[in-house]
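Asker: Below is the structure I would like to discuss, written out as structure tokens.
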Amino acid sequence: MQIGIVGLPFAGKTTVFNALAGDAAEQHHQAHGLEPTLATVRLPDARLEALCTLFETELCIPTEVQYLDFPGAGFGRQEKEAAWVGTLRTVDALLIVLGAFSGTQDPAAELESIHLDLIFPDLQIVESRLQRIAQQWRTAPAAERLFLEREQSLLERMQSALEEGIPARALDLAADEEQAIRGFQFLTMKPTLVVLNLSEEQVSQADELAANVRAAYTYAQTTVISLCAQLEMEIAQLPQEEADLFREDLGLDEAGAARVVHESHALLGLIHFYTLNEKEVRAWAIPQGTRAQDAAGKIHTDMARGFARAEVIAWDQLVEHNGYGDARKHGLVRQEGRDYIVQDGDVLYILFTR
């Protein structure tokens, strides 16, 4: 899962990225010459840690999120904008950074500016495609015209919405309509996490300031949170014990960077299941509503192809009963078929034929 970071100049995009990345940042070269900085960030997971402690395995492997920062790139910089937007279209979600730390910045106005910058490239694609449909219509056979009419109708709805400043993700689209436009990779279709970047003095007002922005930006698949990126970046450089004490002194319950990662997963509608063997316990991220057979395919395609059944138990039941032995005695390990909908926190053992 990749999330692209965007924002106006001097909003603190790279500071937010550094707070998330710690020492995990690396240059990531793209074929078109633009070099974003990429960080692979592990999701803090207390459930995974409990399972690893119980089974004392060599490896404890959490799920990960990749964040992309684009130093020097942004809307309005024509020499880089096309390549940058092209990369941005490939990510799974957007993280918009709003600067509020100077006291003179207007986060709501920043967000409106970025919102319009994201709408404009989508509107260009829609208008271009509608022009091509008009040209194709003249020579298209009767059977093909029906499909062109449907696409035209859908794109005209999108055009009207975008011209009114409404993002694509706010439209009430049927499943087949979403499938039809997926290939366009619209920026405003992507789930969006808005991060309000505060000063240390504003931390006590974090919830109120985020609520103000949230009230002004109510579109679907949008989450608004706040953090002090400069403070989080500095804390990230400390040893864990010192960092915990520092947070305790400041009254911070959770690392802001960890909250960003958690909200990134939640925004995409992801849940987690777990697998384990004698060497490792691993967390897997899947969309909510995933069938057991498809979850098995996340582990290995052979498991999905030869899926027979899954042994399933909730992670907390497994921990509470100190492992599989006692859990089986209490009838807590279930046998589920391929159409079982995996629940958040399930521990799966897949049985399959090769």
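Every chain in the structure tokens takes a letter, A first, then B, and so on in the order presented; its residues are numbered from 1, and the ligands are numbered from 1 following the presented order.
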Within 7 Å of A:Arg89, counting only C-alpha atoms, which residues show up once you throw out same-chain ones fewer than 2 positions away? Write them as a list in words, please.
Answerer: Val85, Gly86, Thr87, Val91, Gln185, Phe186 and Leu187 of chain A
Asker: Can I get the selection written as a compact mmCIF listing (two decimals), in the first residue's frame, with N, CA and C atoms?
Answerer:
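Saved as again-v9.txt:
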# COMPACT_ATOMS: atom_id res chain seq x y z
N VAL A 85 2.31 14.24 -11.11
CA VAL A 85 0.90 13.82 -11.08
C VAL A 85 0.77 12.39 -11.60
N GLY A 86 1.57 12.04 -12.60
CA GLY A 86 1.54 10.67 -13.11
C GLY A 86 1.88 9.66 -12.04
N THR A 87 2.90 9.95 -11.22
CA THR A 87 3.25 9.07 -10.11
C THR A 87 2.16 9.06 -9.05
N VAL A 91 -0.71 5.83 -6.62
CA VAL A 91 -0.76 5.50 -5.19
C VAL A 91 -2.17 5.09 -4.80
N GLN A 185 -7.59 6.29 -12.89
CA GLN A 185 -6.80 6.62 -11.69
C GLN A 185 -7.02 8.08 -11.26
N PHE A 186 -8.27 8.47 -11.13
CA PHE A 186 -8.59 9.84 -10.75
C PHE A 186 -8.02 10.17 -9.37
N LEU A 187 -7.40 11.34 -9.26
CA LEU A 187 -6.83 11.76 -7.98
C LEU A 187 -7.91 11.95 -6.92
Asker: Find the residues around stretch 329-345 of chain A up to 6 Å (only C-alpha atoms counted), leave out those fewer than 3 positions away in its own chain, and share them as a ChimeraX atom specification.
Answerer: /A:271-273,289-293,309-315,326
Asker: Print the selection's residues with C-alpha atoms to a file, as a JSON list (two decimals), in the first residue's frame.
Answerer:
[["chain", "number", "residue", "atom", "x", "y", "z"],
["A", 271, "ILE", "CA", -8.54, -5.25, 8.51],
["A", 272, "HIS", "CA", -5.83, -7.61, 9.77],
["A", 273, "PHE", "CA", -5.57, -11.34, 10.14],
["A", 289, "GLY", "CA", -15.31, -8.41, 3.51],
["A", 290, "THR", "CA", -12.53, -10.64, 2.10],
["A", 291, "ARG", "CA", -13.32, -14.38, 1.78],
["A", 292, "ALA", "CA", -11.07, -16.96, 3.40],
["A", 293, "GLN", "CA", -9.93, -18.31, 0.03],
["A", 309, "ARG", "CA", -10.56, -25.15, 4.60],
["A", 310, "ALA", "CA", -9.29, -22.77, 7.24],
["A", 311, "GLU", "CA", -8.89, -23.27, 10.96],
["A", 312, "VAL", "CA", -9.96, -19.99, 12.57],
["A", 313, "ILE", "CA", -9.74, -18.53, 16.05],
["A", 314, "ALA", "CA", -9.86, -14.94, 17.32],
["A", 315, "TRP", "CA", -6.45, -13.67, 18.42],
["A", 326, "ASP", "CA", -6.49, -25.34, 25.59]]
Asker: Determine which residues of stretch 131-339 of chain A DSSP labels as helix (DSSP H, G or I) from the backbone of this structure, then write them out as a PyMOL selection string.
Answerer: chain A and resi 131-139+142-163+168-170+175-184+187-189+200-216+229-236+240-250+256-267+292-299+301-305+315-320+324-329
Asker: Grab the atom CA of A:Leu118 to atom CA of A:Ile96 distance for me, in Å with one decimal place.
Answerer: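 These atoms are spaced 10.8 Å apart.
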Asker: Please identify the strand (DSSP E or B) residues within stretch 74-205 of chain A (assignment by DSSP from backbone atoms) and present them as a list in words.
Answerer: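 Listing strand (DSSP E or B) positions across stretch 74-205 of chain A yields Ala93, Leu94, Leu95, Ile96, Val97, Leu98, Gly99, Thr192, Leu193, Val194, Val195, Leu196 and Asn197 of chain A.
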Asker: Using N, CA and C atoms, can you export the residues from the last selection as an mmCIF file, in the first residue's frame?
Answerer:
data_model
loop_
_atom_site.group_PDB
_atom_site.id
_atom_site.type_symbol
_atom_site.label_atom_id
_atom_site.label_comp_id
_atom_site.auth_asym_id
_atom_site.auth_seq_id
_atom_site.Cartn_x
_atom_site.Cartn_y
_atom_site.Cartn_z
ATOM 1 N N ALA A 93 -3.718 6.034 -1.850
ATOM 2 C CA ALA A 93 -4.406 7.082 -1.104
ATOM 3 C C ALA A 93 -3.506 8.313 -1.075
ATOM 4 N N LEU A 94 -4.101 9.443 -0.675
ATOM 5 C CA LEU A 94 -3.364 10.690 -0.564
ATOM 6 C C LEU A 94 -3.293 11.131 0.892
ATOM 7 N N LEU A 95 -2.176 11.768 1.252
ATOM 8 C CA LEU A 95 -2.026 12.399 2.556
ATOM 9 C C LEU A 95 -1.768 13.876 2.295
ATOM 10 N N ILE A 96 -2.727 14.721 2.658
ATOM 11 C CA ILE A 96 -2.614 16.162 2.456
ATOM 12 C C ILE A 96 -2.123 16.807 3.748
ATOM 13 N N VAL A 97 -1.010 17.505 3.669
ATOM 14 C CA VAL A 97 -0.456 18.200 4.830
ATOM 15 C C VAL A 97 -0.881 19.665 4.780
ATOM 16 N N LEU A 98 -1.481 20.136 5.876
ATOM 17 C CA LEU A 98 -1.869 21.539 6.009
ATOM 18 C C LEU A 98 -1.010 22.187 7.086
ATOM 19 N N GLY A 99 -0.407 23.320 6.785
ATOM 20 C CA GLY A 99 0.409 24.017 7.770
ATOM 21 C C GLY A 99 -0.440 24.906 8.664
ATOM 22 N N THR A 192 -8.557 9.983 1.225
ATOM 23 C CA THR A 192 -7.685 11.108 1.555
ATOM 24 C C THR A 192 -7.577 11.306 3.064
ATOM 25 N N LEU A 193 -6.339 11.326 3.544
ATOM 26 C CA LEU A 193 -6.046 11.614 4.943
ATOM 27 C C LEU A 193 -5.482 13.030 5.021
ATOM 28 N N VAL A 194 -6.168 13.901 5.748
ATOM 29 C CA VAL A 194 -5.717 15.282 5.919
ATOM 30 C C VAL A 194 -5.016 15.388 7.270
ATOM 31 N N VAL A 195 -3.762 15.853 7.253
ATOM 32 C CA VAL A 195 -2.974 15.995 8.475
ATOM 33 C C VAL A 195 -2.711 17.471 8.724
ATOM 34 N N LEU A 196 -3.237 17.969 9.836
ATOM 35 C CA LEU A 196 -3.038 19.356 10.232
ATOM 36 C C LEU A 196 -1.741 19.443 11.032
ATOM 37 N N ASN A 197 -0.748 20.130 10.478
ATOM 38 C CA ASN A 197 0.580 20.203 11.074
ATOM 39 C C ASN A 197 0.658 21.382 12.031
#
Asker: For A:Trp137, work out the shell of residues within 12 Å, counting only C-alpha atoms and skipping chain neighbours fewer than 5 positions away, then give it as a short mmCIF file (atom, residue, chain, number, x, y, z; two decimals) with C-alpha atoms, in the first residue's frame.
Answerer:
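result.cif written:
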data_model
loop_
_atom_site.label_atom_id
_atom_site.label_comp_id
_atom_site.auth_asym_id
_atom_site.auth_seq_id
_atom_site.Cartn_x
_atom_site.Cartn_y
_atom_site.Cartn_z
CA LEU A 130 -15.48 12.83 -23.76
CA GLN A 131 -13.93 14.39 -26.87
CA ARG A 132 -12.58 10.99 -27.94
CA ALA A 142 -24.29 -0.04 -33.36
CA ALA A 143 -23.27 -2.62 -30.71
CA GLU A 144 -20.31 -0.52 -29.59
CA ARG A 145 -22.35 2.67 -29.40
CA LEU A 146 -24.29 1.32 -26.44
CA PHE A 147 -21.10 1.02 -24.38
CA LEU A 148 -19.95 4.46 -25.51
CA GLU A 149 -23.28 5.95 -24.44
CA GLU A 151 -19.43 5.70 -20.57
CA GLN A 152 -20.39 9.13 -21.86
#
Asker: Hey, which bits of stretch 206-275 of chain A sit within 9 Å of stretch 11-18 of chain A, and for each residue what's the closest pair of atoms and how far apart in Å (one decimal), counting only C-alpha atoms, rows by chain and increasing number, as JSON lines?
Answerer:
{"residue": "A:Leu227", "atom": "CA", "partner": "A:Val16", "partner_atom": "CA", "distance": 8.8}
{"residue": "A:Cys228", "atom": "CA", "partner": "A:Val16", "partner_atom": "CA", "distance": 8.4}
{"residue": "A:Ala229", "atom": "CA", "partner": "A:Val16", "partner_atom": "CA", "distance": 5.0}
{"residue": "A:Gln230", "atom": "CA", "partner": "A:Thr15", "partner_atom": "CA", "distance": 6.3}
{"residue": "A:Glu232", "atom": "CA", "partner": "A:Val16", "partner_atom": "CA", "distance": 8.2}
{"residue": "A:Met233", "atom": "CA", "partner": "A:Asn18", "partner_atom": "CA", "distance": 6.1}
{"residue": "A:Ala236", "atom": "CA", "partner": "A:Asn18", "partner_atom": "CA", "distance": 8.8}
{"residue": "A:Ala257", "atom": "CA", "partner": "A:Val16", "partner_atom": "CA", "distance": 8.2}
Asker: Go ahead and save the residues from that selection, with N, CA and C atoms, as a short mmCIF file (atom, residue, chain, number, x, y, z; two decimals), in the first residue's frame.
Answerer:
data_model
loop_
_atom_site.label_atom_id
_atom_site.label_comp_id
_atom_site.auth_asym_id
_atom_site.auth_seq_id
_atom_site.Cartn_x
_atom_site.Cartn_y
_atom_site.Cartn_z
N LEU A 227 -1.22 16.70 14.15
CA LEU A 227 -0.02 16.35 14.90
C LEU A 227 0.99 17.47 14.78
N CYS A 228 1.93 17.49 15.68
CA CYS A 228 3.06 18.41 15.60
C CYS A 228 4.21 17.64 14.96
N ALA A 229 4.40 17.84 13.66
CA ALA A 229 5.37 17.03 12.93
C ALA A 229 6.79 17.28 13.41
N GLN A 230 7.12 18.54 13.72
CA GLN A 230 8.48 18.84 14.19
C GLN A 230 8.77 18.11 15.49
N GLU A 232 7.21 15.38 16.63
CA GLU A 232 7.23 13.95 16.38
C GLU A 232 8.54 13.52 15.73
N MET A 233 9.07 14.37 14.85
CA MET A 233 10.34 14.04 14.19
C MET A 233 11.47 14.01 15.21
N ALA A 236 11.16 10.93 17.40
CA ALA A 236 11.52 9.71 16.67
C ALA A 236 13.02 9.43 16.71
N ALA A 257 2.93 9.79 14.80
CA ALA A 257 3.26 9.06 13.58
C ALA A 257 2.52 7.73 13.53
#
Asker: Just to confirm, what's the straight-line distance from atom CA of A:Val319 to atom CA of A:Val260 in Å (one decimal)?
Answerer: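 Pair atom CA of A:Val319 / atom CA of A:Val260 returns 27.4 Å.
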Asker: Quick check, in Å to one decimal: how far apart do atom CA of A:Ile114 and atom CA of A:Lys190 lie?
Answerer: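 Computing the Euclidean distance for atom CA of A:Ile114 and atom CA of A:Lys190 yields 13.9 Å.
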